[in-house]
Amino acid sequence: MKNILQRLLRQHISVPQLAGYAFAALSGMSIIFAAFCFRADVRPLFAPEKNFFGKELIVVNKQVSLIAAFNRNVTNFSRSEIEEIQRQDFVRSVSCFSSSRFRVKACTEASGQMPYFSTDLFFESVADRLLEVDPAVWKWDAESEMIPIIIPRDYLKLYNFGFSGSQGLPQLSESIVQQVTFKVYLTGNGKQERFSGKIAGFSDHLNTILVPEAFLTWANEMFGDAGQDEKISRLIIEVKNPADPQIAEFFASRPNYEMSSNKGEQGKLSYFLTLLIIIVMTVGFLILLPATGLMMLSIHLLIYRNRETLDNLILLGYGRKQLARPYCLLVLAVNTATGIVSLLLAAYARSLYAPQLEMLGAVSASAFRWTIVFAVAFVLAVTMLDMAWIRKKIAG
Amino acid sequence: MDCIRVHHVTPHFISDAEGSASEIWRHEVIFRKDENSFISAASGSGKTSLLAYIFGERTDYSGEIWFDTREINSLKPHEWDTVRQYGVSFIFQGLRLFPGLTVLENIAVKNLLTGYKTCEEILYLVEMTGLADKKDEKAGKLSFGQQQRVAIIRALCQPFDFLLADEPFSHLDEANIEIISEIITRELQQQKAGMILCSLGPKYPFHYQQYRKL
């Protein structure tokens, strides 16, 4: 007797329509879940390595061409060009490199492992907040004689694998170089002063010699040629999301800009992979969308055919919520079953690609857990949409 | 609910000339609980409409209808559910049975909602109205008169302050009218409820406190 209401309301249910929906939704959901799971699995492959330079930073300069050899201004950025970059959606902030406006000469004292070495140098600085470096190491004040310096790792490689061998000099490890103190002479503005320098670290993607911002500001005031106005030839762009495809699009449309970021080739790969996953997910959604439409149409027809029954039940005192419940339960059951089978299919797909990824050291243990969370949220969202539609149709 | 007040109500489909002789349209009429009212109506004068307005089924009228201090257009859907479960019951002229359900199932649809009558009470009513041997038959297979009896029993399976009856006995014979009138009268007394009965002609064996011509 209890199921009289269900019997009344479930008249006219079209099994072929429901099966059609379930099949289409199954295809769409499996693709979406598998793509989600794959993305979560390969994520560790593209995690940036620890570096001084934050992963959201991109360095931009202009290409040096034949004309630039005669006219330096060609490689400088104008105000309007900087503002244009600032206006882009992917940009959080744009800052410049400050350069030294004085002469720098550095030399080592020949001792033990360290060969005598003397060179002209230049310094640059960027805002300290952009560098992920220990503030205890990266500090300078007017009293301290010691200047911490970051040099490109490539300089050391150039010395170790190119220079030292040909000159019969010893190879140097990073830790040895970091222990060495050398003399730094600053000359300019009619003054000369001696400081000590120390390598505080190495950078992979920032092709310059960095000193703390506070030091360079002070030194430029002290030794700088006041008449020289600052030319901006390189910019640091802090981006919101390094994988944002707009970044690549923007630089593709400006071929004379050169960018380098921490991500390098990996960044491009990550970009293409993300693009690929987005395409696959879009295909999944394109299948799911008409499936959801089919479900809604099916609900619409079902309620339309049962309209008289529903109206009679409402006149007998049945609440709309009560009348919607059997339909909601039906939709929940179909969607849950579809979601579970889709997850199983995604798990099967994962078992196929996992061995290959394991060789690359990717497969993340939590990836499938996240996929389950995503799937539950996804199925719930689709079900809520259907339920809202049912309530609307029954009330109407 | 103690009274239903019909205040200057006119259906949209009735013109001024048509409704001029009516004692309900454009008048103030009060139906009280524990009073029976008889509304005689010519065909097409809007008796089914009047009951449909009171029951919240249709709203194509001007004027106001009040349940005590509440204007019924301000009732929300869930409040109407409560009215239809506990306040007002309706014997529809069109019956509104479910043809695919049996006699007992049709009655149970209402009683499951209200839990008002026991199984024995329902079976007694089915027997009294001569439907005992039809109780497991599909309602759609019964004659209109038999279906009418099912609809009446179903309408009694709930607590109410008012019973609306729209031509309830149109297809019943004298003997059945006698029995069912008695059953209804007893129910009205038990529930201390009032009835509004609309009919084209016959007044049926009830005791009325109010007569109105539509």
# chains A, B, ... in the order shown; residues from 1 in each chain; ligands from 1
>>> select_by_dssp(residues="stretch 117-327 of chain A", states="strand (DSSP E or B)", output="PyMOL selection string")
chain A and resi 118-121+124-125+131+146-152+181-188+191-203+210+234-239+257-261
>>> interface_residues(of="chain B", to="chain A", cutoff="9 Å", atoms="only C-alpha atoms", output="list in words")
Phe55, Gly56, Glu57, Pro77, His78, Trp80, Asp81, Thr82, Val83, Arg84, Gln85, Tyr86, Ser89, Phe90, Arg96, Leu97, Phe98, Gly100, Leu101, Glu105, Asn106, Ala108, Val109, Lys110, Leu112, Leu113 and Ala155 of chain B
>>> closest_residue(among="A:Asp120, A:Asp134, A:Asp154, A:Glu56", to="A:Asp204", atoms="only C-alpha atoms")
A:Asp154
>>> closest_residue(among="B:Tyr116, B:Phe13, B:Phe160, B:Tyr124", to="B:Gln191", atoms="only C-alpha atoms")
B:Phe160
>>> atom_distance(atom1="atom CA of A:Val91", atom2="atom CA of A:Ile209")
25.0 Å
>>> residues_around(residues="B:Phe31", least_positions_apart="6", cutoff="10 Å", atoms="only C-alpha atoms", output="PDB file with C-alpha atoms, in the first residue's frame")
ATOM      1  CA  ASP B   2     -14.721  28.900  11.681  1.00  0.00           C
ATOM      2  CA  CYS B   3     -15.998  30.630   8.596  1.00  0.00           C
ATOM      3  CA  ILE B   4     -15.487  31.111   4.904  1.00  0.00           C
ATOM      4  CA  ARG B   5     -16.365  34.597   3.725  1.00  0.00           C
ATOM      5  CA  VAL B   6     -17.036  35.170   0.043  1.00  0.00           C
ATOM      6  CA  SER B  37     -25.504  25.584   2.981  1.00  0.00           C
ATOM      7  CA  PHE B  67     -10.731  31.811   5.661  1.00  0.00           C
ATOM      8  CA  PHE B 162     -15.900  22.324   5.708  1.00  0.00           C
ATOM      9  CA  GLY B 194     -20.209  22.557   7.797  1.00  0.00           C
ATOM     10  CA  MET B 195     -21.076  21.581   4.251  1.00  0.00           C
ATOM     11  CA  ILE B 196     -21.490  23.641   1.114  1.00  0.00           C
ATOM     12  CA  GLN B 209     -29.281  26.487   7.569  1.00  0.00           C
ATOM     13  CA  GLN B 210     -28.683  28.565   4.462  1.00  0.00           C
TER      14      GLN B 210
END
>>> residues_around(residues="B:Gly94", least_positions_apart="5", cutoff="10 Å", atoms="only C-alpha atoms", output="ChimeraX atom specification")
/B:48,144,148,151,166-168
>>> residues_around(residues="B:Ile153", least_positions_apart="5", cutoff="9 Å", atoms="only C-alpha atoms", output="ChimeraX atom specification")
/B:107,122,125-126,129,148
>>> closest_residue(among="A:Phe202, A:Phe195, A:Phe117, A:Tyr353", to="A:Pro152", atoms="only C-alpha atoms")
A:Phe202
>>> atom_distance(atom1="atom CA of A:Tyr21", atom2="atom CA of A:Ser351")
26.9 Å
>>> residues_around(residues="stretch 268-281 of chain A", least_positions_apart="6", cutoff="9 Å", atoms="only C-alpha atoms", output="count of residues only")
17
>>> residues_around(residues="A:Lys393", least_positions_apart="5", cutoff="9 Å", atoms="only C-alpha atoms", output="mmCIF file with N, CA, C and O atoms, in the first residue's frame")
data_model
loop_
_atom_site.group_PDB
_atom_site.id
_atom_site.type_symbol
_atom_site.label_atom_id
_atom_site.label_comp_id
_atom_site.auth_asym_id
_atom_site.auth_seq_id
_atom_site.Cartn_x
_atom_site.Cartn_y
_atom_site.Cartn_z
ATOM 1 N N ILE A 299 12.652 14.394 -17.986
ATOM 2 C CA ILE A 299 11.905 14.772 -16.780
ATOM 3 C C ILE A 299 10.683 15.611 -17.168
ATOM 4 O O ILE A 299 9.577 15.394 -16.673
ATOM 5 N N HIS A 300 10.922 16.524 -18.081
ATOM 6 C CA HIS A 300 9.844 17.400 -18.532
ATOM 7 C C HIS A 300 8.680 16.585 -19.101
ATOM 8 O O HIS A 300 7.517 16.792 -18.752
ATOM 9 N N ILE A 303 6.865 14.506 -16.340
ATOM 10 C CA ILE A 303 5.975 15.311 -15.508
ATOM 11 C C ILE A 303 4.777 15.806 -16.332
ATOM 12 O O ILE A 303 3.655 15.868 -15.840
ATOM 13 N N TYR A 304 5.026 16.080 -17.585
ATOM 14 C CA TYR A 304 3.941 16.506 -18.472
ATOM 15 C C TYR A 304 2.889 15.401 -18.600
ATOM 16 O O TYR A 304 1.687 15.649 -18.505
ATOM 17 N N ALA A 388 16.463 20.709 -9.076
ATOM 18 C CA ALA A 388 15.871 22.049 -9.166
ATOM 19 C C ALA A 388 14.887 22.083 -10.332
ATOM 20 O O ALA A 388 13.792 22.654 -10.223
#
>>> closest_residue(among="B:Ile184, B:Ala132, B:Leu197, B:Ile39", to="B:Phe92", atoms="only C-alpha atoms")
B:Leu197
>>> select_by_dssp(residues="stretch 96-215 of chain A", states="helix (DSSP H, G or I)", output="PyMOL selection string")
chain A and resi 128-130+153-167+174-179+213-215
>>> atom_distance(atom1="atom CA of A:Val59", atom2="atom CA of A:Ile82")
12.8 Å
>>> decode(residues="stretch 243-261 of chain A", atoms="N, CA, C and O atoms", output="PDB file, in the first residue's frame")
ATOM      1  N   ALA A 243      50.783  28.971 -15.572  1.00  0.00           N
ATOM      2  CA  ALA A 243      50.323  28.071 -16.635  1.00  0.00           C
ATOM      3  C   ALA A 243      49.257  28.727 -17.511  1.00  0.00           C
ATOM      4  O   ALA A 243      48.711  28.096 -18.411  1.00  0.00           O
ATOM      5  N   ASP A 244      48.960  29.990 -17.233  1.00  0.00           N
ATOM      6  CA  ASP A 244      47.933  30.691 -17.993  1.00  0.00           C
ATOM      7  C   ASP A 244      48.299  30.761 -19.477  1.00  0.00           C
ATOM      8  O   ASP A 244      49.357  31.285 -19.829  1.00  0.00           O
ATOM      9  N   PRO A 245      47.458  30.234 -20.354  1.00  0.00           N
ATOM     10  CA  PRO A 245      47.787  30.238 -21.788  1.00  0.00           C
ATOM     11  C   PRO A 245      47.895  31.650 -22.366  1.00  0.00           C
ATOM     12  O   PRO A 245      48.556  31.843 -23.389  1.00  0.00           O
ATOM     13  N   GLN A 246      47.274  32.639 -21.709  1.00  0.00           N
ATOM     14  CA  GLN A 246      47.359  34.013 -22.209  1.00  0.00           C
ATOM     15  C   GLN A 246      48.795  34.516 -22.270  1.00  0.00           C
ATOM     16  O   GLN A 246      49.140  35.362 -23.080  1.00  0.00           O
ATOM     17  N   ILE A 247      49.628  33.993 -21.358  1.00  0.00           N
ATOM     18  CA  ILE A 247      51.021  34.447 -21.311  1.00  0.00           C
ATOM     19  C   ILE A 247      51.700  34.086 -22.632  1.00  0.00           C
ATOM     20  O   ILE A 247      52.313  34.932 -23.287  1.00  0.00           O
ATOM     21  N   ALA A 248      51.545  32.819 -23.011  1.00  0.00           N
ATOM     22  CA  ALA A 248      52.174  32.364 -24.253  1.00  0.00           C
ATOM     23  C   ALA A 248      51.596  33.118 -25.450  1.00  0.00           C
ATOM     24  O   ALA A 248      52.320  33.516 -26.356  1.00  0.00           O
ATOM     25  N   GLU A 249      50.289  33.343 -25.427  1.00  0.00           N
ATOM     26  CA  GLU A 249      49.647  34.068 -26.533  1.00  0.00           C
ATOM     27  C   GLU A 249      50.208  35.478 -26.659  1.00  0.00           C
ATOM     28  O   GLU A 249      50.518  35.949 -27.754  1.00  0.00           O
ATOM     29  N   PHE A 250      50.346  36.134 -25.500  1.00  0.00           N
ATOM     30  CA  PHE A 250      50.824  37.521 -25.504  1.00  0.00           C
ATOM     31  C   PHE A 250      52.218  37.606 -26.109  1.00  0.00           C
ATOM     32  O   PHE A 250      52.489  38.447 -26.964  1.00  0.00           O
ATOM     33  N   PHE A 251      53.105  36.694 -25.683  1.00  0.00           N
ATOM     34  CA  PHE A 251      54.478  36.780 -26.173  1.00  0.00           C
ATOM     35  C   PHE A 251      54.606  36.276 -27.610  1.00  0.00           C
ATOM     36  O   PHE A 251      55.492  36.702 -28.339  1.00  0.00           O
ATOM     37  N   ALA A 252      53.679  35.409 -27.997  1.00  0.00           N
ATOM     38  CA  ALA A 252      53.694  34.951 -29.389  1.00  0.00           C
ATOM     39  C   ALA A 252      53.346  36.119 -30.318  1.00  0.00           C
ATOM     40  O   ALA A 252      53.843  36.207 -31.437  1.00  0.00           O
ATOM     41  N   SER A 253      52.493  37.049 -29.823  1.00  0.00           N
ATOM     42  CA  SER A 253      52.092  38.163 -30.673  1.00  0.00           C
ATOM     43  C   SER A 253      53.139  39.286 -30.677  1.00  0.00           C
ATOM     44  O   SER A 253      52.993  40.268 -31.367  1.00  0.00           O
ATOM     45  N   ARG A 254      54.170  39.161 -29.840  1.00  0.00           N
ATOM     46  CA  ARG A 254      55.242  40.174 -29.827  1.00  0.00           C
ATOM     47  C   ARG A 254      56.591  39.488 -29.991  1.00  0.00           C
ATOM     48  O   ARG A 254      57.291  39.221 -29.025  1.00  0.00           O
ATOM     49  N   PRO A 255      56.950  39.200 -31.255  1.00  0.00           N
ATOM     50  CA  PRO A 255      58.130  38.372 -31.494  1.00  0.00           C
ATOM     51  C   PRO A 255      59.446  39.024 -31.059  1.00  0.00           C
ATOM     52  O   PRO A 255      60.427  38.321 -30.878  1.00  0.00           O
ATOM     53  N   ASN A 256      59.469  40.361 -30.875  1.00  0.00           N
ATOM     54  CA  ASN A 256      60.743  40.959 -30.471  1.00  0.00           C
ATOM     55  C   ASN A 256      60.951  40.915 -28.956  1.00  0.00           C
ATOM     56  O   ASN A 256      61.978  41.344 -28.466  1.00  0.00           O
ATOM     57  N   TYR A 257      59.957  40.395 -28.222  1.00  0.00           N
ATOM     58  CA  TYR A 257      60.135  40.242 -26.780  1.00  0.00           C
ATOM     59  C   TYR A 257      60.688  38.851 -26.523  1.00  0.00           C
ATOM     60  O   TYR A 257      60.240  37.866 -27.098  1.00  0.00           O
ATOM     61  N   GLU A 258      61.649  38.806 -25.614  1.00  0.00           N
ATOM     62  CA  GLU A 258      62.154  37.496 -25.201  1.00  0.00           C
ATOM     63  C   GLU A 258      61.782  37.303 -23.750  1.00  0.00           C
ATOM     64  O   GLU A 258      61.972  38.216 -22.943  1.00  0.00           O
ATOM     65  N   MET A 259      61.264  36.129 -23.437  1.00  0.00           N
ATOM     66  CA  MET A 259      60.958  35.921 -22.035  1.00  0.00           C
ATOM     67  C   MET A 259      61.697  34.712 -21.525  1.00  0.00           C
ATOM     68  O   MET A 259      61.983  33.774 -22.256  1.00  0.00           O
ATOM     69  N   SER A 260      62.059  34.775 -20.295  1.00  0.00           N
ATOM     70  CA  SER A 260      62.604  33.583 -19.665  1.00  0.00           C
ATOM     71  C   SER A 260      61.956  33.481 -18.306  1.00  0.00           C
ATOM     72  O   SER A 260      61.700  34.482 -17.653  1.00  0.00           O
ATOM     73  N   SER A 261      61.633  32.283 -17.949  1.00  0.00           N
ATOM     74  CA  SER A 261      61.016  32.100 -16.649  1.00  0.00           C
ATOM     75  C   SER A 261      61.606  30.854 -16.056  1.00  0.00           C
ATOM     76  O   SER A 261      62.307  30.100 -16.718  1.00  0.00           O
TER      77      SER A 261
END
